[in-house]
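Structure file target-v4.cif with mmCIF, C-alpha atoms:
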```cif
data_target
#
loop_
_atom_site.label_atom_id
_atom_site.label_comp_id
_atom_site.auth_asym_id
_atom_site.auth_seq_id
_atom_site.Cartn_x
_atom_site.Cartn_y
_atom_site.Cartn_z
CA MET K 1 -3.81 -21.81 -19.49
CA THR K 2 -1.21 -19.12 -19.80
CA GLN K 3 2.50 -19.42 -19.33
CA VAL K 4 3.98 -17.44 -16.47
CA SER K 5 7.68 -16.92 -15.81
CA MET K 6 9.37 -15.36 -12.85
CA THR K 7 12.49 -15.56 -10.75
CA VAL K 8 11.94 -17.29 -7.43
CA ASN K 9 14.78 -17.18 -4.90
CA GLY K 10 17.19 -16.44 -7.72
CA LYS K 11 16.08 -19.24 -10.03
CA THR K 12 14.10 -18.71 -13.23
CA VAL K 13 10.88 -20.72 -13.13
CA SER K 14 7.86 -20.99 -15.38
CA GLY K 15 4.59 -22.84 -15.50
CA ASP K 16 1.14 -22.93 -17.06
CA VAL K 17 -1.50 -21.34 -14.89
CA GLU K 18 -5.12 -20.23 -15.05
CA GLY K 19 -6.06 -16.60 -14.71
CA ARG K 20 -7.34 -17.28 -11.21
CA THR K 21 -4.21 -19.08 -9.97
CA LEU K 22 -2.95 -17.19 -6.94
CA LEU K 23 0.74 -16.51 -6.45
CA SER K 24 0.55 -18.56 -3.23
CA SER K 25 -0.92 -21.50 -5.18
CA PHE K 26 1.75 -21.22 -7.86
CA LEU K 27 4.52 -21.27 -5.25
CA ARG K 28 3.03 -24.13 -3.23
CA ASP K 29 1.32 -26.34 -5.80
CA HIS K 30 3.38 -25.77 -8.95
CA LEU K 31 6.82 -25.20 -7.43
CA SER K 32 6.32 -27.27 -4.25
CA LEU K 33 7.62 -24.36 -2.19
CA THR K 34 5.32 -25.12 0.71
CA GLY K 35 7.13 -22.89 3.18
CA THR K 36 4.77 -20.10 2.19
CA HIS K 37 1.70 -20.81 4.31
CA VAL K 38 -1.90 -19.96 3.56
CA GLY K 39 -3.64 -19.25 6.84
CA CYS K 40 -6.79 -17.26 6.26
CA ASP K 41 -6.92 -16.94 2.46
CA THR K 42 -8.57 -13.56 3.01
CA ALA K 43 -5.40 -11.42 3.08
CA GLN K 44 -5.60 -10.73 6.77
CA CYS K 45 -3.23 -13.14 8.55
CA GLY K 46 0.01 -12.56 6.65
CA ALA K 47 1.26 -16.17 6.81
CA CYS K 48 1.62 -16.02 3.02
CA VAL K 49 3.86 -12.92 2.90
CA VAL K 50 6.56 -13.13 0.24
CA HIS K 51 8.69 -10.49 -1.44
CA VAL K 52 7.82 -9.34 -4.96
CA ASN K 53 10.47 -7.10 -6.45
CA GLY K 54 11.73 -6.54 -2.91
CA GLU K 55 8.41 -5.57 -1.38
CA ALA K 56 6.39 -7.59 1.12
CA VAL K 57 3.06 -8.69 -0.33
CA LYS K 58 0.38 -11.19 0.63
CA SER K 59 0.77 -13.91 -1.98
CA CYS K 60 -2.79 -15.19 -1.46
CA ASN K 61 -4.03 -11.80 -2.61
CA MET K 62 -2.09 -11.56 -5.84
CA LEU K 63 -2.50 -13.49 -9.05
CA ALA K 64 0.43 -15.55 -10.31
CA LEU K 65 0.12 -13.79 -13.67
CA GLU K 66 0.57 -10.42 -11.94
CA ALA K 67 4.02 -11.65 -10.90
CA ASP K 68 5.03 -12.48 -14.47
CA GLY K 69 8.61 -11.31 -14.91
CA ALA K 70 8.99 -10.40 -11.23
CA GLU K 71 11.68 -11.28 -8.71
CA VAL K 72 9.98 -13.28 -5.99
CA GLY K 73 11.54 -14.18 -2.65
CA THR K 74 10.09 -16.81 -0.31
CA ILE K 75 11.05 -18.24 3.07
CA GLU K 76 12.99 -20.98 1.25
CA GLY K 77 15.38 -18.32 -0.01
CA GLN K 78 16.08 -16.79 3.39
CA ALA K 79 18.77 -19.17 4.65
CA ASN K 80 22.43 -18.37 4.05
CA PRO K 81 24.06 -19.91 0.96
CA ASP K 82 25.64 -22.65 3.11
CA GLY K 83 22.19 -23.63 4.38
CA SER K 84 22.59 -22.16 7.86
CA LEU K 85 19.83 -19.96 9.25
CA ASN K 86 20.09 -16.28 8.41
CA VAL K 87 20.27 -13.70 11.16
CA ILE K 88 16.48 -13.26 11.42
CA GLN K 89 15.76 -16.99 11.42
CA GLN K 90 18.50 -17.59 13.99
CA ALA K 91 17.09 -14.83 16.20
CA PHE K 92 13.63 -16.45 16.04
CA GLN K 93 15.23 -19.69 17.25
CA ASP K 94 17.37 -18.05 19.93
CA HIS K 95 14.50 -16.03 21.37
CA HIS K 96 11.77 -18.61 20.92
CA GLY K 97 9.96 -16.39 18.43
CA LEU K 98 7.54 -19.13 17.48
CA GLN K 99 5.19 -21.55 19.11
CA CYS K 100 3.24 -23.63 16.59
CA GLY K 101 5.26 -22.06 13.78
CA PHE K 102 2.45 -21.62 11.29
CA CYS K 103 2.75 -17.83 11.06
CA THR K 104 6.56 -17.93 11.15
CA PRO K 105 7.31 -17.81 7.39
CA GLY K 106 5.21 -14.66 7.03
CA MET K 107 6.69 -13.17 10.19
CA VAL K 108 10.24 -13.74 8.94
CA MET K 109 9.46 -12.32 5.50
CA SER K 110 7.79 -9.25 7.00
CA ALA K 111 10.69 -8.83 9.41
CA ALA K 112 13.15 -8.98 6.52
CA ALA K 113 11.19 -6.31 4.63
CA LEU K 114 11.06 -4.12 7.74
CA LEU K 115 14.78 -4.38 8.47
CA LYS K 116 15.60 -3.52 4.87
CA GLU K 117 13.79 -0.17 5.12
CA ASN K 118 14.44 0.42 8.82
CA PRO K 119 17.61 -1.38 10.02
CA ARG K 120 17.17 -0.45 13.72
CA PRO K 121 13.44 -0.28 14.43
CA THR K 122 12.03 0.49 17.86
CA GLU K 123 9.74 -1.99 19.55
CA ALA K 124 6.76 0.19 18.62
CA GLU K 125 7.84 0.32 14.98
CA ILE K 126 8.15 -3.47 14.86
CA ARG K 127 4.70 -3.95 16.37
CA LYS K 128 3.24 -1.47 13.91
CA TYR K 129 4.90 -3.13 10.94
CA LEU K 130 3.55 -6.52 11.99
CA GLU K 131 -0.06 -5.30 12.02
CA GLY K 132 -0.79 -7.53 9.05
CA ASN K 133 0.81 -10.66 10.51
CA LEU K 134 -1.35 -12.57 12.95
CA CYS K 135 -0.05 -15.19 15.39
CA ARG K 136 -2.87 -17.33 16.72
CA CYS K 137 -0.60 -18.55 19.53
CA THR K 138 -0.34 -14.84 20.42
CA GLY K 139 3.41 -15.20 20.78
CA TYR K 140 4.05 -11.63 19.73
CA HIS K 141 6.42 -10.67 22.55
CA ASN K 142 9.16 -13.06 21.54
CA ILE K 143 8.63 -12.40 17.84
CA VAL K 144 9.19 -8.69 18.48
CA LYS K 145 12.17 -9.51 20.68
CA ALA K 146 13.67 -11.74 17.99
CA ILE K 147 13.36 -9.01 15.36
CA MET K 148 14.97 -6.47 17.69
CA ALA K 149 17.80 -8.92 18.31
CA ALA K 150 18.17 -9.58 14.58
CA SER K 151 18.64 -5.86 14.06
CA GLY K 152 21.64 -5.98 16.38
CA GLN K 153 19.98 -4.30 19.33
CA ASP K 154 20.42 -5.37 22.93
CA VAL K 155 17.35 -7.26 24.11
CA SER K 156 18.73 -8.43 27.44
CA HIS K 157 16.53 -5.92 29.25
CA ILE K 158 13.39 -7.40 27.73
CA ALA K 159 12.09 -10.10 30.03
CA ALA K 160 11.48 -13.55 28.65
CA GLU K 161 7.78 -14.27 28.32
CA MET D 162 -12.88 -18.07 -7.41
CA TYR D 163 -14.35 -18.64 -10.86
CA ASN D 164 -11.84 -18.55 -13.66
CA PHE D 165 -11.50 -15.63 -16.06
CA GLU D 166 -9.39 -14.46 -18.93
CA PHE D 167 -6.47 -12.35 -17.69
CA LYS D 168 -5.24 -9.43 -19.75
CA SER D 169 -2.35 -7.15 -18.89
CA PRO D 170 -2.25 -4.23 -21.31
CA SER D 171 0.67 -1.79 -21.28
CA THR D 172 -1.19 1.32 -22.44
CA ILE D 173 -4.37 3.09 -21.32
CA ALA D 174 -5.80 2.76 -24.84
CA ASP D 175 -5.34 -1.02 -24.82
CA ALA D 176 -6.90 -1.23 -21.36
CA VAL D 177 -9.95 0.76 -22.49
CA ALA D 178 -10.30 -1.54 -25.50
CA ALA D 179 -10.02 -4.65 -23.30
CA LEU D 180 -12.63 -3.30 -20.88
CA ALA D 181 -15.12 -2.83 -23.71
CA GLY D 182 -15.61 -6.59 -23.78
CA GLU D 183 -18.55 -8.22 -22.07
CA ASP D 184 -18.20 -8.74 -18.30
CA ALA D 185 -14.75 -7.20 -18.26
CA GLN D 186 -13.50 -5.78 -14.98
CA ALA D 187 -10.48 -3.60 -14.23
CA LEU D 188 -7.98 -4.91 -11.66
CA GLY D 189 -6.09 -2.33 -9.61
CA GLY D 190 -4.00 -3.68 -6.73
CA GLY D 191 -6.55 -6.41 -6.11
CA GLN D 192 -6.65 -5.98 -2.34
CA THR D 193 -10.44 -5.78 -2.39
CA LEU D 194 -11.32 -7.33 -5.73
CA ILE D 195 -9.40 -10.59 -5.31
CA PRO D 196 -10.98 -11.40 -1.91
CA THR D 197 -14.36 -10.44 -3.40
CA MET D 198 -13.81 -12.83 -6.30
CA LYS D 199 -12.73 -15.60 -3.92
CA GLN D 200 -16.11 -15.24 -2.23
CA ARG D 201 -17.73 -15.36 -5.67
CA LEU D 202 -19.33 -11.99 -5.05
CA ALA D 203 -17.72 -10.92 -8.33
CA ALA D 204 -17.12 -13.19 -11.31
CA PRO D 205 -15.87 -11.20 -14.31
CA ALA D 206 -15.28 -13.00 -17.60
CA THR D 207 -12.18 -10.90 -18.23
CA LEU D 208 -9.88 -9.25 -15.74
CA VAL D 209 -7.89 -6.31 -17.10
CA ARG D 210 -4.83 -5.57 -15.01
CA LEU D 211 -3.96 -1.86 -14.78
CA GLY D 212 -0.73 -2.42 -12.84
CA GLY D 213 1.29 -3.01 -15.99
CA ILE D 214 0.64 0.46 -17.44
CA PRO D 215 3.61 2.74 -16.67
CA GLU D 216 1.73 5.99 -17.41
CA LEU D 217 -0.70 5.22 -14.56
CA LYS D 218 2.04 5.22 -11.95
CA GLY D 219 3.89 7.87 -10.03
CA VAL D 220 3.52 11.23 -8.30
CA CYS D 221 4.29 14.64 -9.78
CA VAL D 222 3.74 18.29 -8.91
CA GLU D 223 1.80 20.29 -11.51
CA ASP D 224 2.56 23.88 -12.56
CA ASP D 225 -0.25 25.19 -10.34
CA GLY D 226 1.23 23.42 -7.29
CA SER D 227 -1.33 20.63 -7.20
CA ILE D 228 -0.14 17.04 -6.78
CA ALA D 229 -1.03 14.54 -9.49
CA ILE D 230 -1.02 10.91 -8.42
CA GLY D 231 -1.27 8.16 -11.03
CA ALA D 232 -4.22 5.85 -10.42
CA ALA D 233 -2.06 2.71 -10.19
CA THR D 234 0.24 4.24 -7.58
CA THR D 235 0.35 2.15 -4.41
CA HIS D 236 -0.51 3.45 -0.96
CA ALA D 237 3.10 2.81 0.12
CA THR D 238 4.42 4.97 -2.71
CA VAL D 239 1.99 7.79 -1.92
CA ALA D 240 2.92 7.63 1.78
CA ARG D 241 6.59 7.94 0.84
CA GLU D 242 6.46 10.44 -2.01
CA VAL D 243 3.98 13.04 -0.79
CA ALA D 244 5.24 13.11 2.81
CA ASP D 245 6.85 16.53 2.37
CA LYS D 246 4.29 17.87 -0.13
CA TYR D 247 1.00 16.97 1.52
CA PRO D 248 1.68 15.38 4.94
CA ALA D 249 -1.98 14.70 5.82
CA LEU D 250 -2.46 12.75 2.59
CA ALA D 251 0.76 10.79 3.17
CA ASP D 252 -0.36 10.03 6.71
CA LEU D 253 -3.68 8.72 5.43
CA ALA D 254 -2.03 6.54 2.78
CA GLY D 255 0.48 5.21 5.30
CA HIS D 256 -2.24 3.93 7.61
CA ILE D 257 -4.40 2.03 5.13
CA GLY D 258 -4.48 -1.70 5.90
CA ASP D 259 -1.03 -3.03 6.74
CA PRO D 260 2.40 -2.78 5.02
CA ALA D 261 1.84 -5.71 2.63
CA VAL D 262 -1.57 -4.37 1.61
CA ARG D 263 -0.09 -0.89 1.08
CA ASN D 264 2.50 -2.39 -1.27
CA ARG D 265 -0.30 -3.61 -3.57
CA GLY D 266 -3.40 -1.46 -3.06
CA THR D 267 -3.78 1.60 -5.30
CA ILE D 268 -5.48 4.97 -5.03
CA GLY D 269 -7.44 4.41 -8.25
CA GLY D 270 -8.70 1.04 -7.07
CA SER D 271 -9.84 2.47 -3.76
CA LEU D 272 -11.71 5.34 -5.42
CA ALA D 273 -13.36 3.24 -8.12
CA ASN D 274 -14.58 0.83 -5.43
CA ASN D 275 -15.79 3.62 -3.11
CA ASP D 276 -16.10 1.43 -0.04
CA PRO D 277 -18.12 3.41 2.52
CA ALA D 278 -15.34 2.90 5.10
CA ALA D 279 -12.31 3.45 2.83
CA CYS D 280 -9.87 6.24 3.66
CA TYR D 281 -9.03 7.69 0.23
CA PRO D 282 -12.55 8.93 -0.60
CA ALA D 283 -12.32 11.20 2.46
CA ALA D 284 -9.02 12.68 1.25
CA VAL D 285 -10.31 13.24 -2.27
CA LEU D 286 -13.60 14.80 -1.17
CA GLY D 287 -12.00 16.71 1.70
CA SER D 288 -9.34 18.15 -0.59
CA GLY D 289 -11.76 18.94 -3.39
CA ALA D 290 -9.52 16.90 -5.69
CA MET D 291 -10.12 16.24 -9.37
CA VAL D 292 -10.53 12.66 -10.55
CA VAL D 293 -9.08 12.33 -14.04
CA THR D 294 -10.23 9.47 -16.26
CA ASN D 295 -9.40 8.29 -19.76
CA SER D 296 -12.19 10.51 -21.11
CA ARG D 297 -12.85 13.43 -18.70
CA GLN D 298 -12.24 15.14 -15.38
CA ILE D 299 -14.70 14.65 -12.54
CA ALA D 300 -14.78 16.95 -9.50
CA ALA D 301 -14.74 15.10 -6.18
CA ASP D 302 -18.14 16.60 -5.29
CA ASP D 303 -19.62 14.85 -8.33
CA PHE D 304 -17.60 11.64 -8.22
CA PHE D 305 -18.92 9.88 -5.10
CA GLN D 306 -22.53 8.84 -5.54
CA GLY D 307 -23.27 6.60 -2.58
CA MET D 308 -21.98 3.34 -1.17
CA PHE D 309 -19.87 1.49 -3.79
CA THR D 310 -21.20 3.86 -6.44
CA THR D 311 -19.29 6.48 -8.44
CA ALA D 312 -19.75 8.68 -11.48
CA LEU D 313 -17.56 6.34 -13.54
CA ASP D 314 -19.19 4.94 -16.64
CA GLU D 315 -18.91 1.32 -17.68
CA GLY D 316 -15.35 0.68 -18.84
CA GLU D 317 -14.10 4.13 -17.78
CA ILE D 318 -10.69 4.11 -16.09
CA ILE D 319 -9.35 6.53 -13.50
CA THR D 320 -5.95 7.64 -14.76
CA SER D 321 -4.90 10.08 -12.05
CA VAL D 322 -6.10 12.22 -9.17
CA ARG D 323 -5.11 15.88 -8.81
CA PHE D 324 -5.00 17.23 -5.27
CA PRO D 325 -4.86 20.96 -4.55
CA VAL D 326 -2.64 21.41 -1.50
CA PRO D 327 -4.36 23.13 1.44
CA GLN D 328 -2.78 25.46 4.00
CA ALA D 329 -3.38 22.84 6.67
CA ALA D 330 -5.05 19.45 6.76
CA SER D 331 -5.54 16.45 9.00
CA TYR D 332 -7.02 12.99 8.73
CA GLN D 333 -8.40 11.54 11.95
CA LYS D 334 -9.28 7.87 11.74
CA PHE D 335 -11.05 5.90 14.42
CA LEU D 336 -9.81 2.45 13.54
CA GLN D 337 -11.99 -0.60 13.23
CA PRO D 338 -9.18 -2.74 14.61
CA ALA D 339 -9.97 -5.99 12.81
CA SER D 340 -10.41 -4.66 9.29
CA ARG D 341 -8.24 -1.52 9.66
CA PHE D 342 -10.89 0.39 7.77
CA ALA D 343 -12.26 3.56 9.35
CA LEU D 344 -15.09 3.08 11.84
CA VAL D 345 -15.25 6.83 11.33
CA GLY D 346 -12.65 8.89 9.52
CA VAL D 347 -12.64 12.66 9.06
CA PHE D 348 -10.47 14.47 6.54
CA LEU D 349 -10.34 18.21 7.14
CA ALA D 350 -8.58 20.61 4.77
CA ARG D 351 -8.24 24.35 5.28
CA PHE D 352 -7.82 26.42 2.12
CA ALA D 353 -7.54 30.18 1.69
CA ASP D 354 -11.15 30.24 0.51
CA GLY D 355 -12.64 27.94 3.14
CA VAL D 356 -12.65 24.70 5.07
CA ARG D 357 -13.75 21.31 3.73
CA VAL D 358 -14.76 18.44 6.00
CA ALA D 359 -15.26 14.97 4.54
CA VAL D 360 -16.46 12.01 6.60
CA THR D 361 -15.98 8.34 5.75
CA GLY D 362 -17.02 5.14 7.53
CA ALA D 363 -20.07 6.72 9.10
CA SER D 364 -22.87 7.13 6.58
CA GLU D 365 -25.12 4.72 4.75
CA GLU D 366 -24.56 7.02 1.77
CA GLY D 367 -20.78 6.60 1.81
CA VAL D 368 -18.36 9.50 2.11
CA PHE D 369 -20.04 12.90 2.64
CA ARG D 370 -19.22 16.53 3.37
CA TRP D 371 -20.38 17.86 6.72
CA ALA D 372 -21.65 21.22 5.52
CA GLU D 373 -22.71 22.57 8.94
CA ALA D 374 -19.24 21.95 10.35
CA GLU D 375 -17.63 23.67 7.35
CA GLN D 376 -19.82 26.76 7.86
CA ALA D 377 -19.07 26.90 11.57
CA LEU D 378 -15.33 26.50 10.99
CA ASN D 379 -15.34 29.17 8.29
CA LYS D 380 -16.63 31.60 10.93
CA GLU D 381 -14.35 30.42 13.69
CA PHE D 382 -11.61 27.80 13.23
CA ARG D 383 -11.62 26.27 16.68
CA PRO D 384 -12.76 22.84 17.97
CA ASP D 385 -15.26 24.59 20.25
CA ALA D 386 -17.03 26.03 17.20
CA LEU D 387 -18.42 22.52 16.63
CA MET D 388 -19.63 21.81 20.15
CA ASP D 389 -23.31 22.41 19.36
CA LEU D 390 -23.32 20.52 16.06
CA ARG D 391 -24.51 16.95 15.58
CA VAL D 392 -24.90 14.83 12.47
CA ASN D 393 -28.22 13.02 12.22
CA PRO D 394 -27.81 9.43 13.55
CA MET D 395 -30.64 8.27 11.29
CA ASN D 396 -28.34 8.31 8.25
CA MET D 397 -25.42 6.60 9.98
CA ILE D 398 -24.27 3.00 9.64
CA GLY D 399 -25.22 0.88 12.59
CA ASP D 400 -23.61 -2.56 13.00
CA LEU D 401 -21.97 -4.77 15.61
CA HIS D 402 -18.92 -2.51 15.64
CA GLY D 403 -20.85 0.63 16.54
CA SER D 404 -24.42 1.91 16.67
CA LYS D 405 -25.75 4.79 14.57
CA GLU D 406 -25.62 7.06 17.62
CA TYR D 407 -22.05 6.03 18.39
CA ARG D 408 -20.88 6.78 14.86
CA ALA D 409 -22.72 10.12 14.87
CA HIS D 410 -20.95 11.00 18.11
CA LEU D 411 -17.59 9.94 16.68
CA VAL D 412 -18.05 12.24 13.67
CA GLY D 413 -18.08 15.20 16.04
CA VAL D 414 -15.15 13.94 18.09
CA MET D 415 -12.94 13.15 15.10
CA THR D 416 -13.75 16.46 13.40
CA ARG D 417 -12.78 18.40 16.52
CA ARG D 418 -9.54 16.42 16.71
CA ALA D 419 -8.83 17.28 13.07
CA VAL D 420 -9.38 20.99 13.77
CA GLN D 421 -7.08 20.79 16.79
CA ALA D 422 -4.40 19.11 14.68
CA CYS D 423 -4.54 21.99 12.18
CA ILE D 424 -4.09 24.77 14.72
#
```
Structure re-expressed in structure tokens:
Amino acid sequence: MTQVSMTVNGKTVSGDVEGRTLLSSFLRDHLSLTGTHVGCDTAQCGACVVHVNGEAVKSCNMLALEADGAEVGTIEGQANPDGSLNVIQQAFQDHHGLQCGFCTPGMVMSAAALLKENPRPTEAEIRKYLEGNLCRCTGYHNIVKAIMAASGQDVSHIAAE
Amino acid sequence: MYNFEFKSPSTIADAVAALAGEDAQALGGGQTLIPTMKQRLAAPATLVRLGGIPELKGVCVEDDGSIAIGAATTHATVAREVADKYPALADLAGHIGDPAVRNRGTIGGSLANNDPAACYPAAVLGSGAMVVTNSRQIAADDFFQGMFTTALDEGEIITSVRFPVPQAASYQKFLQPASRFALVGVFLARFADGVRVAVTGASEEGVFRWAEAEQALNKEFRPDALMDLRVNPMNMIGDLHGSKEYRAHLVGVMTRRAVQACI
């Protein structure tokens, strides 16, 4: 076992892990931050997307020890300080951007990474950025709509699905 | 995934020393290796992370105008930092996998793995780039030696890749939509002294140069110059995503599109 330390959602955390412990396992099993979902475990579905040093990564495809010393952000750190939903989360609720909800943590984390680098993306840019986030309910239309709304753009012309 | 000892050296020398151990394996961005280890198709005793070595990261322009990219530089960084220097290369890097994969995957990892459908081997072979390792320089024409096989020796680490910048270039990728690898990808680069055409995704032998197309384009740089040329379907990959004949056909189509994009 090796000790790993990192900052998760602003808090310093540490734990003893094996070499093979995935970042997703460390977050879920060691820190009980189960908001990060593991869907496919093959780095295709994107349910496990978190931010490492500000960049979206698939936490099931990264070792916990690779994140030693890093700043990690998960879905649990997305809400506003007073506990209310942040603008992306609220937009997902307002526009029904989820059905079963399993892919939602990864969708929100990818959306946050997108809006940081591109604050007013077009619909095509959103769809392209979400190529690595799969929704098995196929609820993509409202997810895209929610992200457009979260970026402050008028979505009233986009029909409800 | 079987367990292993994890090492994270901070210098190339320490990484080379760590890789000298028995069953040691270098870890780039892990976007191929970690899934492979999960399936127990690889089970190294020691995993040596290269991502913690600062001298392996970054992009710089050399005195001769070539672009040197550190082996541990991510696809996302390449897409961003060479956009104005070598647009076709940036375009290729910016369409590997998806954004989260591009934030982890590295050019060195892709080349050392030499997946027959990976994008970077086409850029390196098509550009006639130089693969620099901890002990030598290997020309692209000598580096790729068949599917998942390279000229790298045991324990040898790619440190950087030097790309000469062509007058014009284009990468045309026919996407395998589930994996986002190339069903067929063609990287075409036009230099003052000739055209290079490298094809990935198509051949059982991995990335290859299409010599007949290069000769035809050196005489006449037009898509129509390729109309009578065919690659031999016998050597192509045939699977549920596309037959040998289909891939052979796509090689012609994608090469003509690349020529058109360069005119």
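In this comparison, which uses all atoms listed in the file, the residue of K:Cys100, K:Ala47, K:Cys40, K:Leu130 approaching chain D most closely is K:Leu130.
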Residues matched by the PyMOL selection byres ((chain D) within 7 of (chain K)), written as a PDB file with C-alpha atoms, keeping the file's coordinate frame:
```pdb
ATOM      1  CA  MET D 162     -12.880 -18.070  -7.410  1.00  0.00           C
ATOM      2  CA  ASN D 164     -11.840 -18.550 -13.660  1.00  0.00           C
ATOM      3  CA  PHE D 165     -11.500 -15.630 -16.060  1.00  0.00           C
ATOM      4  CA  GLU D 166      -9.390 -14.460 -18.930  1.00  0.00           C
ATOM      5  CA  PHE D 167      -6.470 -12.350 -17.690  1.00  0.00           C
ATOM      6  CA  GLY D 191      -6.550  -6.410  -6.110  1.00  0.00           C
ATOM      7  CA  GLN D 192      -6.650  -5.980  -2.340  1.00  0.00           C
ATOM      8  CA  ILE D 195      -9.400 -10.590  -5.310  1.00  0.00           C
ATOM      9  CA  PRO D 196     -10.980 -11.400  -1.910  1.00  0.00           C
ATOM     10  CA  ASP D 259      -1.030  -3.030   6.740  1.00  0.00           C
ATOM     11  CA  PRO D 260       2.400  -2.780   5.020  1.00  0.00           C
ATOM     12  CA  ALA D 261       1.840  -5.710   2.630  1.00  0.00           C
ATOM     13  CA  VAL D 262      -1.570  -4.370   1.610  1.00  0.00           C
ATOM     14  CA  ASN D 264       2.500  -2.390  -1.270  1.00  0.00           C
ATOM     15  CA  ARG D 265      -0.300  -3.610  -3.570  1.00  0.00           C
TER      16      ARG D 265
END
```
Q | Neighbour list for segment 143-159 of chain K as a VMD selection string, cut-off 12 Å, all atoms listed in the file, skip fewer than 2 positions in-chain | A | chain K and resid 85 to 99 101 103 to 131 133 to 135 137 to 141 161
Q: Can you turn the PyMOL selection byres ((chain D and resi 303) around 12) into a concrete residue list for this file, as a PyMOL selection string?
A: chain D and resi 285-286+289-292+298-302+304-307+310-313+368-370
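Distance-wise, atom CA of Gly15 of chain K and atom CA of Ala64 of chain K end up 9.9 Å apart.
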Q. Taking the file as shown, what set of residues would the PyMOL selection byres ((chain K and resi 6) around 9) give back, as a PyMOL selection string?
A. chain K and resi 4-5+7-8+11-14+67-72
**Q.** Protein and nucleic acid residues near (-23.6, 17.3, 12.1) (cut-off 9 Å, all atoms listed in the file) as a ChimeraX atom specification
**A.** /D:371-374,387,389-393,409,412-413
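Going from atom CA of Leu349 of chain D over to atom CA of Asn379 of chain D, you cover 12.1 Å.
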Q: Write out as a ChimeraX atom specification the residues lying within 8 Å of Gln333 of chain D, counting only C-alpha atoms and excluding same-chain residues fewer than 5 positions away.
A: /D:346-348,415-416,418-419
Grab the residues selected above and save them as a PDB file, keeping the file's coordinate frame with C-alpha atoms.
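Heads up, here's the output in again.pdb:
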```pdb
ATOM      1  CA  GLY D 346     -12.650   8.890   9.520  1.00  0.00           C
ATOM      2  CA  VAL D 347     -12.640  12.660   9.060  1.00  0.00           C
ATOM      3  CA  PHE D 348     -10.470  14.470   6.540  1.00  0.00           C
ATOM      4  CA  MET D 415     -12.940  13.150  15.100  1.00  0.00           C
ATOM      5  CA  THR D 416     -13.750  16.460  13.400  1.00  0.00           C
ATOM      6  CA  ARG D 418      -9.540  16.420  16.710  1.00  0.00           C
ATOM      7  CA  ALA D 419      -8.830  17.280  13.070  1.00  0.00           C
TER       8      ALA D 419
END
```
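Distance-wise, atom CA of Asp354 of chain D and atom CA of Ser227 of chain D end up 15.8 Å apart.
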(Q) So that I can check the surroundings of Val239 of chain D, please list as a PyMOL selection string every protein, DNA and RNA residue that reaches within 9 Å of it, counting all atoms listed in the file and ignoring chain neighbours fewer than 6 positions away. (A) chain D and resi 219-220+230+250-251+254-255+268
Q: Name all residues at most 8 Å from Gly212 of chain D (count all atoms listed in the file; drop same-chain ones fewer than 4 positions away) and give them as a list in words.
A: Ser169, Leu188, Gly189, Gly190, Leu217 and Ala233 of chain D
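Ranking D:Gly316, D:Gly367, D:Pro248, D:Pro215 by their shortest atom-to-atom distance to Thr234 of chain D, with only C-alpha atoms included, puts D:Pro215 first.
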